[in-house]
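The data block below is coords20.txt; it holds compact mmCIF, C-alpha atoms.
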# COMPACT_ATOMS: atom_id res chain seq x y z
CA MET A 28 31.33 22.52 18.81
CA GLU A 29 32.70 23.14 15.34
CA VAL A 30 30.10 24.16 12.78
CA CYS A 31 30.10 21.55 10.00
CA ALA A 32 27.10 22.55 7.91
CA LEU A 33 27.54 22.65 4.17
CA PRO A 34 25.79 25.34 2.08
CA PRO A 35 22.01 24.88 2.40
CA LEU A 36 20.13 22.89 -0.23
CA LEU A 37 17.57 25.02 -2.03
CA ARG A 38 16.82 22.26 -4.55
CA TYR A 39 16.95 18.48 -4.54
CA PRO A 40 20.46 17.02 -4.77
CA THR A 41 21.34 14.67 -7.59
CA VAL A 42 22.90 11.27 -6.87
CA ASP A 43 26.38 12.64 -7.55
CA GLU A 44 25.78 15.77 -5.47
CA SER A 45 24.60 13.70 -2.50
CA SER A 46 27.71 11.54 -2.72
CA ALA A 47 29.99 14.58 -2.98
CA ARG A 48 28.39 16.32 0.00
CA ALA A 49 28.57 13.16 2.09
CA ALA A 50 32.23 12.73 1.18
CA ALA A 51 32.91 16.34 2.19
CA LEU A 52 31.31 15.78 5.60
CA ALA A 53 33.32 12.59 6.15
CA ALA A 54 36.55 14.37 5.12
CA ARG A 55 35.88 17.22 7.56
CA HIS A 56 35.12 14.87 10.43
CA PRO A 57 37.23 11.73 9.90
CA HIS A 58 36.96 10.64 13.55
CA ARG A 59 33.17 10.93 13.70
CA ALA A 60 31.93 10.22 10.17
CA ARG A 61 32.71 7.43 7.72
CA LEU A 62 31.59 6.84 4.13
CA ARG A 63 31.66 3.33 2.70
CA ARG A 64 30.30 1.54 -0.33
CA VAL A 65 27.69 -1.06 0.65
CA GLY A 66 26.49 -2.16 -2.76
CA THR A 67 26.31 -1.55 -6.49
CA SER A 68 23.19 -0.85 -8.52
CA ARG A 69 22.12 -2.68 -11.66
CA ALA A 70 23.76 0.06 -13.76
CA GLY A 71 26.98 -0.06 -11.74
CA THR A 72 26.32 3.00 -9.55
CA PRO A 73 27.92 2.81 -6.09
CA MET A 74 25.54 2.71 -3.12
CA TRP A 75 27.02 4.78 -0.30
CA LEU A 76 26.44 4.62 3.44
CA LEU A 77 27.41 7.61 5.60
CA SER A 78 27.81 6.68 9.28
CA VAL A 79 28.02 9.30 12.05
CA GLY A 80 28.89 8.48 15.66
CA ARG A 81 30.26 5.34 17.27
CA GLY A 82 27.47 4.26 19.59
CA SER A 83 26.54 0.64 20.15
CA ARG A 84 22.94 1.15 19.01
CA GLN A 85 22.40 1.41 15.28
CA ALA A 86 19.92 3.69 13.51
CA LEU A 87 19.41 3.06 9.78
CA ILE A 88 17.93 5.78 7.58
CA VAL A 89 17.11 4.86 3.95
CA ALA A 90 16.75 7.58 1.32
CA GLY A 91 15.43 7.17 -2.20
CA PRO A 92 13.45 3.91 -1.94
CA HIS A 93 11.19 5.32 -4.64
CA ALA A 94 13.00 6.98 -7.51
CA ASN A 95 10.56 9.87 -7.86
CA GLU A 96 10.76 10.89 -4.17
CA PRO A 97 14.00 12.89 -3.85
CA VAL A 98 13.41 14.70 -0.56
CA GLY A 99 15.07 11.85 1.37
CA GLY A 100 18.40 12.58 -0.34
CA ALA A 101 18.35 16.09 1.14
CA THR A 102 17.08 14.83 4.51
CA VAL A 103 19.88 12.33 5.12
CA LEU A 104 22.45 15.08 4.55
CA ARG A 105 20.59 17.31 6.99
CA LEU A 106 20.43 14.50 9.54
CA ALA A 107 24.18 13.93 9.18
CA GLU A 108 24.83 17.60 9.92
CA ARG A 109 22.52 17.48 12.95
CA ALA A 110 24.20 14.36 14.29
CA LEU A 111 27.65 15.93 13.84
CA THR A 112 26.69 19.11 15.69
CA ASP A 113 24.53 17.62 18.46
CA PRO A 114 26.31 14.96 20.57
CA ARG A 115 23.01 14.09 22.24
CA LEU A 116 22.06 12.29 19.04
CA THR A 117 25.22 10.17 19.02
CA ASP A 118 27.24 9.89 22.25
CA GLY A 119 24.33 10.94 24.44
CA ALA A 120 22.07 8.30 22.89
CA ASP A 121 24.82 5.67 22.43
CA THR A 122 23.82 5.63 18.77
CA THR A 123 25.49 5.39 15.38
CA TRP A 124 23.51 6.99 12.55
CA ASN A 125 23.77 4.99 9.31
CA LEU A 126 22.49 7.01 6.37
CA LEU A 127 21.97 5.21 3.04
CA LEU A 128 22.17 8.00 0.45
CA SER A 129 19.95 6.30 -2.13
CA LEU A 130 18.38 2.86 -2.38
CA ASP A 131 17.60 3.31 -6.09
CA PRO A 132 20.34 5.52 -7.56
CA ASP A 133 19.62 4.43 -11.13
CA GLY A 134 15.96 5.38 -10.85
CA SER A 135 16.90 8.64 -9.14
CA ARG A 136 19.12 9.57 -12.08
CA ARG A 137 16.14 9.14 -14.40
CA ASN A 138 14.34 11.89 -12.50
CA GLU A 139 17.13 14.43 -12.80
CA GLY A 140 15.27 16.15 -15.66
CA TRP A 141 13.04 17.87 -13.10
CA LEU A 142 15.08 17.84 -9.86
CA SER A 143 16.54 21.32 -10.35
CA GLY A 144 13.25 22.87 -11.45
CA PRO A 145 11.31 24.70 -12.54
CA TYR A 146 9.05 23.20 -9.88
CA THR A 147 5.81 23.14 -11.79
CA LEU A 148 3.42 20.21 -11.95
CA GLY A 149 3.68 19.97 -15.73
CA HIS A 150 7.48 19.91 -15.72
CA HIS A 151 7.50 17.34 -12.95
CA PHE A 152 5.12 14.85 -14.57
CA ARG A 153 6.68 15.18 -18.04
CA HIS A 154 10.02 14.09 -16.52
CA PHE A 155 8.68 11.76 -13.82
CA PHE A 156 10.05 8.23 -13.55
CA ARG A 157 9.21 5.42 -11.18
CA PRO A 158 10.08 1.86 -12.13
CA GLY A 159 7.57 -0.94 -12.42
CA PHE A 160 6.53 -2.51 -9.14
CA LEU A 161 8.78 -5.55 -9.50
CA GLU A 162 11.81 -3.26 -9.99
CA GLN A 163 11.26 -1.23 -6.81
CA PRO A 164 13.97 -2.36 -4.37
CA GLU A 165 12.06 -1.85 -1.12
CA TRP A 166 9.53 -4.62 -1.85
CA LEU A 167 10.00 -8.36 -1.38
CA PRO A 168 7.17 -9.92 -3.43
CA ASP A 169 8.97 -13.29 -3.34
CA GLY A 170 10.29 -12.91 0.20
CA ALA A 171 13.81 -12.02 1.30
CA ALA A 172 15.26 -15.31 0.05
CA GLY A 173 13.86 -14.64 -3.42
CA ALA A 174 15.11 -11.05 -3.72
CA VAL A 175 17.12 -10.65 -6.93
CA LEU A 176 17.68 -6.90 -7.32
CA PRO A 177 21.22 -5.98 -6.21
CA GLU A 178 19.86 -2.85 -4.50
CA THR A 179 17.47 -4.97 -2.45
CA ARG A 180 20.19 -7.44 -1.53
CA ALA A 181 22.44 -4.56 -0.42
CA LEU A 182 19.76 -3.26 1.95
CA LEU A 183 18.94 -6.71 3.31
CA ASP A 184 22.64 -7.37 3.96
CA LEU A 185 22.95 -4.00 5.68
CA GLN A 186 19.95 -4.71 7.89
CA ASP A 187 21.36 -8.11 8.85
CA GLU A 188 24.75 -6.57 9.58
CA LEU A 189 23.55 -3.61 11.66
CA ARG A 190 20.47 -5.11 13.31
CA PRO A 191 19.21 -1.57 13.87
CA PHE A 192 16.99 -0.72 16.81
CA PHE A 193 15.49 2.08 14.67
CA GLN A 194 14.94 2.16 10.91
CA CYS A 195 13.42 4.97 8.91
CA SER A 196 12.42 4.92 5.23
CA LEU A 197 12.19 8.38 3.65
CA HIS A 198 9.38 8.87 1.16
CA GLY A 199 7.69 11.76 -0.61
CA VAL A 200 4.14 12.56 -1.70
CA ASP A 201 3.90 14.38 -5.01
CA VAL A 202 0.54 16.08 -4.26
CA GLY A 203 -1.18 15.88 -0.87
CA GLY A 204 0.16 16.00 2.67
CA GLY A 205 2.59 14.50 5.14
CA PHE A 206 2.00 11.36 7.20
CA VAL A 207 3.89 8.60 9.04
CA GLU A 208 3.56 4.82 9.00
CA LEU A 209 4.91 2.71 11.90
CA THR A 210 5.46 -0.99 12.46
CA ARG A 211 4.36 -0.52 16.06
CA GLU A 212 2.80 2.19 18.16
CA LEU A 213 4.88 5.17 19.26
CA PRO A 214 2.82 7.23 21.73
CA GLY A 215 3.27 10.97 21.35
CA LEU A 216 4.50 10.96 17.76
CA ASP A 217 1.23 12.35 16.39
CA ARG A 218 1.65 15.46 18.58
CA ARG A 219 5.22 15.95 17.41
CA VAL A 220 4.16 15.56 13.77
CA ALA A 221 1.38 18.10 14.28
CA CYS A 222 3.83 20.56 15.83
CA ALA A 223 6.36 20.26 12.99
CA ALA A 224 3.64 20.45 10.32
CA ALA A 225 2.05 23.55 11.85
CA ARG A 226 5.37 25.31 12.26
CA LEU A 227 6.44 24.65 8.67
CA GLY A 228 3.09 25.02 6.92
CA ILE A 229 2.87 21.37 5.86
CA PRO A 230 -0.65 19.89 5.53
CA ARG A 231 -1.10 16.56 7.29
CA GLU A 232 -2.79 13.86 5.24
CA LEU A 233 -5.43 12.48 7.58
CA SER A 234 -6.56 9.63 5.31
CA PRO A 235 -3.81 8.61 2.84
CA TYR A 236 -4.82 6.08 0.22
CA ASP A 237 -1.89 3.84 1.25
CA THR A 238 -3.41 3.50 4.72
CA LEU A 239 -7.07 3.26 3.72
CA TYR A 240 -7.59 0.03 5.69
CA TRP A 241 -4.75 0.38 8.20
CA PRO A 242 -5.17 1.10 11.94
CA ARG A 243 -4.89 4.78 12.82
CA LEU A 244 -2.59 5.58 15.76
CA GLY A 245 -3.33 9.32 15.72
CA PRO A 246 -3.88 12.10 13.18
CA ALA A 247 -1.59 11.40 10.18
CA VAL A 248 0.07 8.43 11.97
CA TYR A 249 -0.77 4.84 10.95
CA ARG A 250 0.16 1.28 11.87
CA ILE A 251 1.65 -0.85 9.08
CA PRO A 252 -0.04 -4.27 9.21
CA PRO A 253 2.11 -7.40 8.91
CA PRO A 254 2.71 -8.35 5.27
CA ARG A 255 0.34 -10.70 3.53
CA ARG A 256 0.24 -12.38 0.17
CA GLY A 257 -1.84 -10.65 -2.49
CA ASP A 258 -2.11 -10.14 -6.19
CA LEU A 259 0.00 -7.58 -8.04
CA ALA A 260 -2.73 -4.94 -8.17
CA ALA A 261 -3.20 -5.08 -4.40
CA ALA A 262 0.53 -4.96 -3.86
CA ILE A 263 0.96 -1.86 -6.02
CA THR A 264 -1.83 0.05 -4.32
CA GLU A 265 -1.59 -1.20 -0.74
CA ALA A 266 1.99 -2.49 -0.32
CA ALA A 267 0.36 -5.80 0.61
CA VAL A 268 3.56 -7.82 0.32
CA GLU A 269 6.60 -8.51 2.42
CA SER A 270 8.99 -5.56 2.46
CA THR A 271 12.31 -4.37 3.82
CA TRP A 272 10.27 -2.45 6.40
CA TYR A 273 9.57 -5.72 8.20
CA HIS A 274 12.67 -7.73 7.33
CA PRO A 275 14.68 -6.61 10.42
CA HIS A 276 11.65 -7.09 12.68
CA ARG A 277 13.31 -10.26 13.96
CA TYR A 278 16.00 -8.08 15.58
CA GLY A 279 13.44 -5.97 17.41
CA THR A 280 13.78 -3.16 14.87
CA PHE A 281 11.23 -0.36 15.00
CA THR A 282 10.48 1.01 11.51
CA ALA A 283 9.01 4.39 10.60
CA VAL A 284 8.07 5.46 7.06
CA VAL A 285 8.03 9.26 6.82
CA GLU A 286 6.19 10.88 3.92
CA ALA A 287 6.75 14.56 3.05
CA PRO A 288 4.71 16.35 0.34
CA MET A 289 6.07 18.34 -2.60
CA TRP A 290 2.81 20.12 -3.46
CA GLY A 291 0.52 20.58 -0.47
CA VAL A 292 -3.28 20.39 -0.58
CA ALA A 293 -5.06 21.87 2.44
CA ALA A 294 -8.19 19.72 2.06
CA VAL A 295 -6.33 16.49 2.91
CA GLU A 296 -6.56 17.52 6.58
CA ASP A 297 -10.19 18.65 6.45
CA ALA A 298 -12.14 16.20 8.62
CA SER A 299 -15.51 17.84 7.99
CA PRO A 300 -18.33 15.63 6.65
CA SER A 301 -19.09 15.66 2.94
CA PRO A 302 -22.61 16.70 1.90
CA ASP A 303 -22.75 13.97 -0.79
CA ALA A 304 -19.92 11.45 -0.61
CA ASP A 305 -21.49 9.09 -3.16
CA ALA A 306 -21.62 11.84 -5.77
CA VAL A 307 -17.92 12.56 -5.26
CA LEU A 308 -17.08 8.86 -5.51
CA ARG A 309 -19.04 8.49 -8.74
CA ARG A 310 -17.29 11.51 -10.25
CA VAL A 311 -13.82 10.32 -9.24
CA SER A 312 -14.43 6.72 -10.37
CA ARG A 313 -15.84 7.70 -13.73
CA ALA A 314 -12.99 10.12 -14.35
CA LEU A 315 -10.42 7.40 -13.64
CA ARG A 316 -12.16 4.94 -15.97
CA ARG A 317 -12.37 7.57 -18.70
CA ASP A 318 -8.74 8.58 -18.27
CA THR A 319 -7.60 4.95 -18.29
CA ARG A 320 -9.45 4.27 -21.55
CA LEU A 321 -7.89 7.36 -23.14
CA LEU A 322 -4.41 6.30 -22.09
CA GLU A 323 -4.95 2.68 -23.15
CA GLY A 324 -5.89 3.98 -26.58
CA ILE A 325 -2.76 6.12 -26.81
CA LEU A 326 -0.58 3.22 -25.66
CA ALA A 327 -2.11 0.93 -28.29
CA ARG A 328 -1.24 3.50 -30.97
CA VAL A 329 2.36 4.07 -29.89
CA ARG A 330 3.47 0.70 -28.52
CA PRO A 331 4.28 -0.91 -31.91
CA TRP A 332 6.91 1.69 -32.79
CA VAL A 333 8.25 2.79 -29.37
CA SER A 334 8.90 -0.71 -27.98
CA GLY A 335 12.40 -0.83 -29.44
CA GLY A 336 13.35 2.68 -28.39
CA PRO A 337 15.78 3.82 -25.66
CA ASP A 338 14.67 2.67 -22.20
CA ALA A 339 11.35 1.49 -23.66
CA ALA A 340 11.10 -1.61 -21.45
CA ARG A 341 11.80 0.42 -18.28
CA LEU A 342 9.15 2.99 -19.21
CA LEU A 343 6.53 0.53 -20.42
CA ALA A 344 6.61 -1.56 -17.21
CA PRO A 345 5.17 1.17 -14.96
CA VAL A 346 2.73 2.23 -17.69
CA ASP A 347 1.35 -1.30 -17.76
CA ASP A 348 1.21 -1.34 -13.94
CA TYR A 349 -0.81 1.86 -13.75
CA LEU A 350 -3.21 0.81 -16.50
CA LEU A 351 -3.67 -2.50 -14.68
CA VAL A 352 -4.70 -0.94 -11.36
CA GLY A 353 -6.77 1.98 -12.67
CA PRO A 354 -10.05 0.17 -13.46
CA GLY A 355 -9.86 -1.84 -10.23
CA LEU A 356 -9.44 1.32 -8.18
CA ALA A 357 -12.40 2.92 -9.93
CA ASP A 358 -14.60 -0.10 -9.24
CA SER A 359 -13.56 -0.25 -5.58
CA TRP A 360 -14.64 3.38 -5.09
CA ASP A 361 -17.82 3.48 -7.19
CA PRO A 362 -20.98 3.09 -5.06
CA ASP A 363 -22.86 1.83 -8.13
CA VAL A 364 -20.50 -1.08 -8.76
CA HIS A 365 -21.46 -3.95 -6.48
CA ASP A 366 -18.77 -6.44 -5.54
CA GLY A 367 -19.67 -8.62 -2.60
CA ALA A 368 -16.03 -9.65 -2.13
CA ALA A 369 -14.73 -6.07 -1.91
CA ARG A 370 -14.07 -4.43 1.43
CA PRO A 371 -16.39 -1.53 2.20
CA LEU A 372 -14.79 1.89 2.24
CA PRO A 373 -14.18 3.47 5.64
CA PRO A 374 -16.34 6.47 6.64
CA LEU A 375 -15.78 9.20 4.07
CA ASP A 376 -15.06 12.77 5.17
CA THR A 377 -13.67 15.61 3.05
CA ALA A 378 -10.06 14.59 3.72
CA ARG A 379 -10.55 10.99 2.60
CA LEU A 380 -12.55 11.95 -0.49
CA THR A 381 -9.89 14.48 -1.44
CA THR A 382 -7.19 11.84 -1.06
CA LEU A 383 -9.09 9.39 -3.30
CA ALA A 384 -9.53 12.07 -5.95
CA LEU A 385 -5.85 12.98 -5.82
CA SER A 386 -4.91 9.30 -6.06
CA GLY A 387 -7.03 8.71 -9.15
CA ARG A 388 -5.60 11.76 -10.85
CA ARG A 389 -2.07 10.65 -9.87
CA VAL A 390 -2.46 7.31 -11.66
CA ALA A 391 -3.52 9.07 -14.85
CA LEU A 392 -0.86 11.79 -14.72
CA ARG A 393 2.00 9.41 -14.08
CA THR A 394 0.89 7.22 -16.96
CA ALA A 395 0.58 10.19 -19.31
CA GLY A 396 4.00 11.50 -18.27
CA LEU A 397 5.67 8.15 -18.91
CA LEU A 398 3.96 7.84 -22.30
CA HIS A 399 5.13 11.36 -23.12
CA GLN A 400 8.72 10.32 -22.42
CA LEU A 401 8.35 7.15 -24.49
CA VAL A 402 7.27 9.12 -27.54
CA THR A 403 9.77 11.94 -26.99
CA ARG A 404 12.71 9.55 -26.66
CA ALA A 405 11.63 7.66 -29.78
CA GLY A 406 12.36 10.84 -31.72
CA ARG A 407 9.27 10.60 -33.94
CA ASP A 408 5.52 10.63 -33.46
CA PRO A 409 3.71 8.99 -36.39
CA ALA A 410 0.61 8.43 -34.22
CA ASP A 411 0.43 12.16 -33.38
CA ALA A 412 0.27 11.27 -29.69
CA LEU A 413 2.34 14.13 -28.20
CA PRO A 414 -0.26 16.90 -28.75
CA GLU A 415 -2.92 14.78 -27.07
CA LEU A 416 -0.62 13.85 -24.17
CA ASP A 417 0.40 17.48 -23.70
CA ARG A 418 -3.25 18.53 -23.59
CA LEU A 419 -4.12 15.83 -21.03
CA ILE A 420 -1.12 16.61 -18.81
CA ASP A 421 -1.90 20.34 -18.86
CA GLU A 422 -5.59 19.71 -18.12
CA TRP A 423 -4.94 17.32 -15.24
CA CYS A 424 -2.19 19.49 -13.70
CA ALA A 425 -4.57 22.46 -13.85
CA ASP A 426 -7.11 20.34 -11.95
CA TYR A 427 -4.52 19.73 -9.21
CA HIS A 428 -3.53 23.40 -9.09
CA ASP A 429 -6.87 25.14 -9.59
CA GLY A 430 -9.35 22.49 -8.50
CA TYR A 431 -7.52 21.28 -5.38
CA GLY A 432 -5.31 24.27 -4.61
CA ALA A 433 -2.02 22.34 -4.87
CA ARG A 434 0.83 24.67 -3.85
CA TRP A 435 4.58 24.06 -4.11
CA ILE A 436 6.44 23.59 -0.80
CA PRO A 437 10.06 24.78 -1.03
CA VAL A 438 12.67 22.01 -0.83
CA ALA A 439 14.20 23.46 2.34
CA ARG A 440 10.85 23.24 4.12
CA GLN A 441 10.16 19.71 2.90
CA THR A 442 13.58 18.68 4.17
CA GLU A 443 13.22 20.38 7.54
CA TYR A 444 9.80 18.84 8.10
CA GLN A 445 11.01 15.33 7.29
CA THR A 446 14.12 15.82 9.43
CA ARG A 447 12.08 16.93 12.43
CA VAL A 448 9.70 14.00 12.13
CA VAL A 449 12.60 11.52 11.87
CA LEU A 450 14.26 13.02 14.94
CA ALA A 451 10.98 12.95 16.87
CA ALA A 452 10.44 9.26 16.02
CA PHE A 453 14.05 8.47 16.90
CA GLU A 454 13.86 10.23 20.27
CA LEU A 455 10.63 8.50 21.22
CA ALA A 456 11.84 5.10 20.03
CA ALA A 457 15.11 5.56 21.93
CA GLY A 458 13.24 6.46 25.10
CA ARG A 459 14.62 9.99 25.33
CA PRO A 460 12.68 12.63 27.29
CA ARG A 461 9.63 13.72 25.35
CA ASP A 462 10.38 17.40 25.80
CA SER A 463 13.76 16.99 24.09
CA ARG A 464 14.11 18.96 20.86
CA SER A 465 17.56 17.87 19.67
CA GLY A 466 18.89 21.36 20.30
CA GLU A 467 16.78 22.76 17.48
CA PRO A 468 15.02 26.11 17.82
CA GLY A 469 11.53 26.81 16.58
CA TRP A 470 9.74 23.73 17.88
CA SER A 471 6.73 25.78 19.01
CA SER A 472 3.38 25.14 17.37
CA GLU A 473 3.01 28.73 16.21
CA PRO A 474 2.10 28.70 12.51
CA ALA A 475 4.63 29.68 9.90
CA VAL A 476 3.77 31.90 6.94
CA PRO A 477 0.93 30.19 5.03
CA MET A 478 2.00 28.47 1.82
CA HIS A 479 -0.01 30.76 -0.42
CA ARG A 480 1.73 33.86 1.00
CA GLU A 481 5.30 32.56 0.85
So, in terms of structure tokens, how does the structure I just supplied come out?
Amino acid sequence: MEVCALPPLLRYPTVDESSARAAALAARHPHRARLRRVGTSRAGTPMWLLSVGRGSRQALIVAGPHANEPVGGATVLRLAERALTDPRLTDGADTTWNLLLSLDPDGSRRNEGWLSGPYTLGHHFRHFFRPGFLEQPEWLPDGAAGAVLPETRALLDLQDELRPFFQCSLHGVDVGGGFVELTRELPGLDRRVACAAARLGIPRELSPYDTLYWPRLGPAVYRIPPPRRGDLAAAITEAAVESTWYHPHRYGTFTAVVEAPMWGVAAVEDASPSPDADAVLRRVSRALRRDTRLLEGILARVRPWVSGGPDAARLLAPVDDYLLVGPGLADSWDPDVHDGAARPLPPLDTARLTTLALSGRRVALRTAGLLHQLVTRAGRDPADALPELDRLIDEWCADYHDGYGARWIPVARQTEYQTRVVLAAFELAAGRPRDSRSGEPGWSSEPAVPMHRE
């Protein structure tokens, strides 16, 4: 078998680099790989689909559904190389791999200020971008018929065309651990995830905030409940709306959402009991309320003169979203705030408490980073907001790094972990033998070099 691998990716690829690498693979293997345009973004960026193999069963892999989660762009290229070198993934499984290079190329471009590094928390959050909830193309808050974003329509059309038996959405966690969400049970996947995570030094997130009330299928593997109608705050925090994950369900599609972390935190897989869970909840809730008030004050000072600046509307939408959900999250966690209509929290161990703390800090840091960009792009700072925002970002990033031990995971390891989990889910969903390893070495559960010693 001819070796087709391109030079390894040691950093996240940009939108243009992903397209160029996919085109190079298709040019090298014209009889086995095809690249076609399946849509156009709001800004006129082509949306490319790389297909490998000619099997009758279709697998659809979607990268970049969230603009700030770039690992999927590297993973789809790695998957293409694997599929080109291992016929068991294509001919042997009667499968065509359809790899969407980016669902939100415009949003991905807005993150290119940090994609090439330096990979520090401060640099990341000062250049972070994620659009407002209603501009995220994976969600269908008004149902498929009401979808208006061209990126969403392109994915829906692709799902209806391919009717895939297997669909995978590639996501990333900024600070925390890896986990998987499934539309139906896939026995054995939790063991495969544990093996890949142990081998590559990736912490598994045993109680992600996204899955706080979802059924657990195994450690770090969760069942996505059917969509339900909810208010915007619930939708932002719990994905409690119809989505493209479930749209092809009518065709019998099995969907997996694979999350890979950028900065790992060991405590997210610590299932030990907490000596005083209520005290932790009070501390986390009060911190989020305090941080939200600080950021609301800064926004009130800068909004009058940044609203007409470059990209102001795009940046203000997610700021307003985060400030909307912050107080509600704090109230839902605080044991001293009684709300008879609220669901009680699940049992709280160290992993779940750590996840809640990371989630509260995430809301504040993302908001501060977006406000920092608003003021910076305006080119002037009459409210003297930048020094305060810089101080807050530095303080909160130090809390992640020093307080929670957040450690950078190299891009190559993030990519390999996500690739292995996708292949494991594919093999199990396709009914392949469970001891199959796609021809890849190193599937033993022996630990890799710990993150702090790499």
Could you jot down the CA of Asp376 (chain A) to CA of Pro300 (chain A) separation for me, Å, one decimal place?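 Distance between the two atoms: 4.6 Å.
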Please provide the set of residues having any atom within 10 Å of Leu321 (chain A), restricted to all atoms listed in the file, with same-chain residues fewer than 3 positions apart removed, written as a ChimeraX atom specification. /A:315-318,324-326,391,395,415-416,419
So that I have them on file, write out the residues from the current selection with C-alpha atoms, as a compact mmCIF listing (two decimals), in the coordinates of the input.
# COMPACT_ATOMS: atom_id res chain seq x y z
CA LEU A 315 -10.42 7.40 -13.64
CA ARG A 316 -12.16 4.94 -15.97
CA ARG A 317 -12.37 7.57 -18.70
CA ASP A 318 -8.74 8.58 -18.27
CA GLY A 324 -5.89 3.98 -26.58
CA ILE A 325 -2.76 6.12 -26.81
CA LEU A 326 -0.58 3.22 -25.66
CA ALA A 391 -3.52 9.07 -14.85
CA ALA A 395 0.58 10.19 -19.31
CA GLU A 415 -2.92 14.78 -27.07
CA LEU A 416 -0.62 13.85 -24.17
CA LEU A 419 -4.12 15.83 -21.03
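Nearest residue to Arg105 (chain A) among A:His399, A:Arg48, A:His58, A:Arg379 is A:Arg48, counting all atoms listed in the file.
Residue nearest Pro345 (chain A) within the list A:Thr282, A:Gln163, A:Thr102, A:Thr123: A:Gln163 [criterion: smallest interatomic distance, all atoms listed in the file].
Distance-wise, CA of Trp290 (chain A) and CA of Val438 (chain A) end up 10.4 Å apart.
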Would you list the residues near (-7.7, 1.0, 9.7) (no more than 12 Å away, in the coordinates of the file, using only C-alpha atoms) as an NGL selection string? :A and (208 or 233-245 or 248-252 or 370-374)
Dump C-alpha atoms for the selected residues as a tab-separated table (two decimals), in the frame of the given file?
chain	number	residue	atom	x	y	z
A	208	GLU	CA	3.56	4.82	9.00
A	233	LEU	CA	-5.43	12.48	7.58
A	234	SER	CA	-6.56	9.63	5.31
A	235	PRO	CA	-3.81	8.61	2.84
A	236	TYR	CA	-4.82	6.08	0.22
A	237	ASP	CA	-1.89	3.84	1.25
A	238	THR	CA	-3.41	3.50	4.72
A	239	LEU	CA	-7.07	3.26	3.72
A	240	TYR	CA	-7.59	0.03	5.69
A	241	TRP	CA	-4.75	0.38	8.20
A	242	PRO	CA	-5.17	1.10	11.94
A	243	ARG	CA	-4.89	4.78	12.82
A	244	LEU	CA	-2.59	5.58	15.76
A	245	GLY	CA	-3.33	9.32	15.72
A	248	VAL	CA	0.07	8.43	11.97
A	249	TYR	CA	-0.77	4.84	10.95
A	250	ARG	CA	0.16	1.28	11.87
A	251	ILE	CA	1.65	-0.85	9.08
A	252	PRO	CA	-0.04	-4.27	9.21
A	370	ARG	CA	-14.07	-4.43	1.43
A	371	PRO	CA	-16.39	-1.53	2.20
A	372	LEU	CA	-14.79	1.89	2.24
A	373	PRO	CA	-14.18	3.47	5.64
A	374	PRO	CA	-16.34	6.47	6.64
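From CA of Ser196 (chain A) back to CA of Leu397 (chain A), the distance works out to 25.3 Å.
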Show me the residues close to (7.8, 14.3, 3.5) - anything with an atom within 9 Å, counting only C-alpha atoms - and format the list as a PDB file with C-alpha atoms, keeping the file's coordinate frame.
ATOM      1  CA  GLU A  96      10.760  10.890  -4.170  1.00  0.00           C
ATOM      2  CA  VAL A  98      13.410  14.700  -0.560  1.00  0.00           C
ATOM      3  CA  GLY A  99      15.070  11.850   1.370  1.00  0.00           C
ATOM      4  CA  LEU A 197      12.190   8.380   3.650  1.00  0.00           C
ATOM      5  CA  HIS A 198       9.380   8.870   1.160  1.00  0.00           C
ATOM      6  CA  GLY A 199       7.690  11.760  -0.610  1.00  0.00           C
ATOM      7  CA  VAL A 200       4.140  12.560  -1.700  1.00  0.00           C
ATOM      8  CA  GLY A 204       0.160  16.000   2.670  1.00  0.00           C
ATOM      9  CA  GLY A 205       2.590  14.500   5.140  1.00  0.00           C
ATOM     10  CA  PHE A 206       2.000  11.360   7.200  1.00  0.00           C
ATOM     11  CA  VAL A 207       3.890   8.600   9.040  1.00  0.00           C
ATOM     12  CA  ILE A 229       2.870  21.370   5.860  1.00  0.00           C
ATOM     13  CA  VAL A 285       8.030   9.260   6.820  1.00  0.00           C
ATOM     14  CA  GLU A 286       6.190  10.880   3.920  1.00  0.00           C
ATOM     15  CA  ALA A 287       6.750  14.560   3.050  1.00  0.00           C
ATOM     16  CA  PRO A 288       4.710  16.350   0.340  1.00  0.00           C
ATOM     17  CA  MET A 289       6.070  18.340  -2.600  1.00  0.00           C
ATOM     18  CA  GLN A 441      10.160  19.710   2.900  1.00  0.00           C
ATOM     19  CA  THR A 442      13.580  18.680   4.170  1.00  0.00           C
ATOM     20  CA  TYR A 444       9.800  18.840   8.100  1.00  0.00           C
ATOM     21  CA  GLN A 445      11.010  15.330   7.290  1.00  0.00           C
ATOM     22  CA  THR A 446      14.120  15.820   9.430  1.00  0.00           C
ATOM     23  CA  VAL A 448       9.700  14.000  12.130  1.00  0.00           C
TER      24      VAL A 448
END
I'd like the contact shell of Ala49 (chain A) - 9 Å cut-off, all atoms listed in the file, skipping same-chain residues fewer than 5 positions apart - returned as a PyMOL selection string. chain A and resi 44+54+62+75-77+104+107+128
Using all atoms listed in the file, the best pick from A:Leu116, A:Val103, A:Val79, A:Met74 as closest to Phe453 (chain A) would be A:Leu116
Ranking A:Thr377, A:Leu127, A:Gly173, A:Ala327 by minimum distance to Pro302 (chain A) and counting all atoms listed in the file, which one comes first?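 Ranking A:Thr377, A:Leu127, A:Gly173, A:Ala327 by distance to Pro302 (chain A), first place goes to A:Thr377.
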Can you pull out the residues contacting region 176-188 of chain A? Cut-off 9 Å, using all atoms listed in the file, and skip same-chain residues under 2 positions away; I want them as a VMD selection string. chain A and resid 65 to 69 74 87 89 127 130 to 132 162 to 167 171 174 190 to 191 271 274 to 275 278
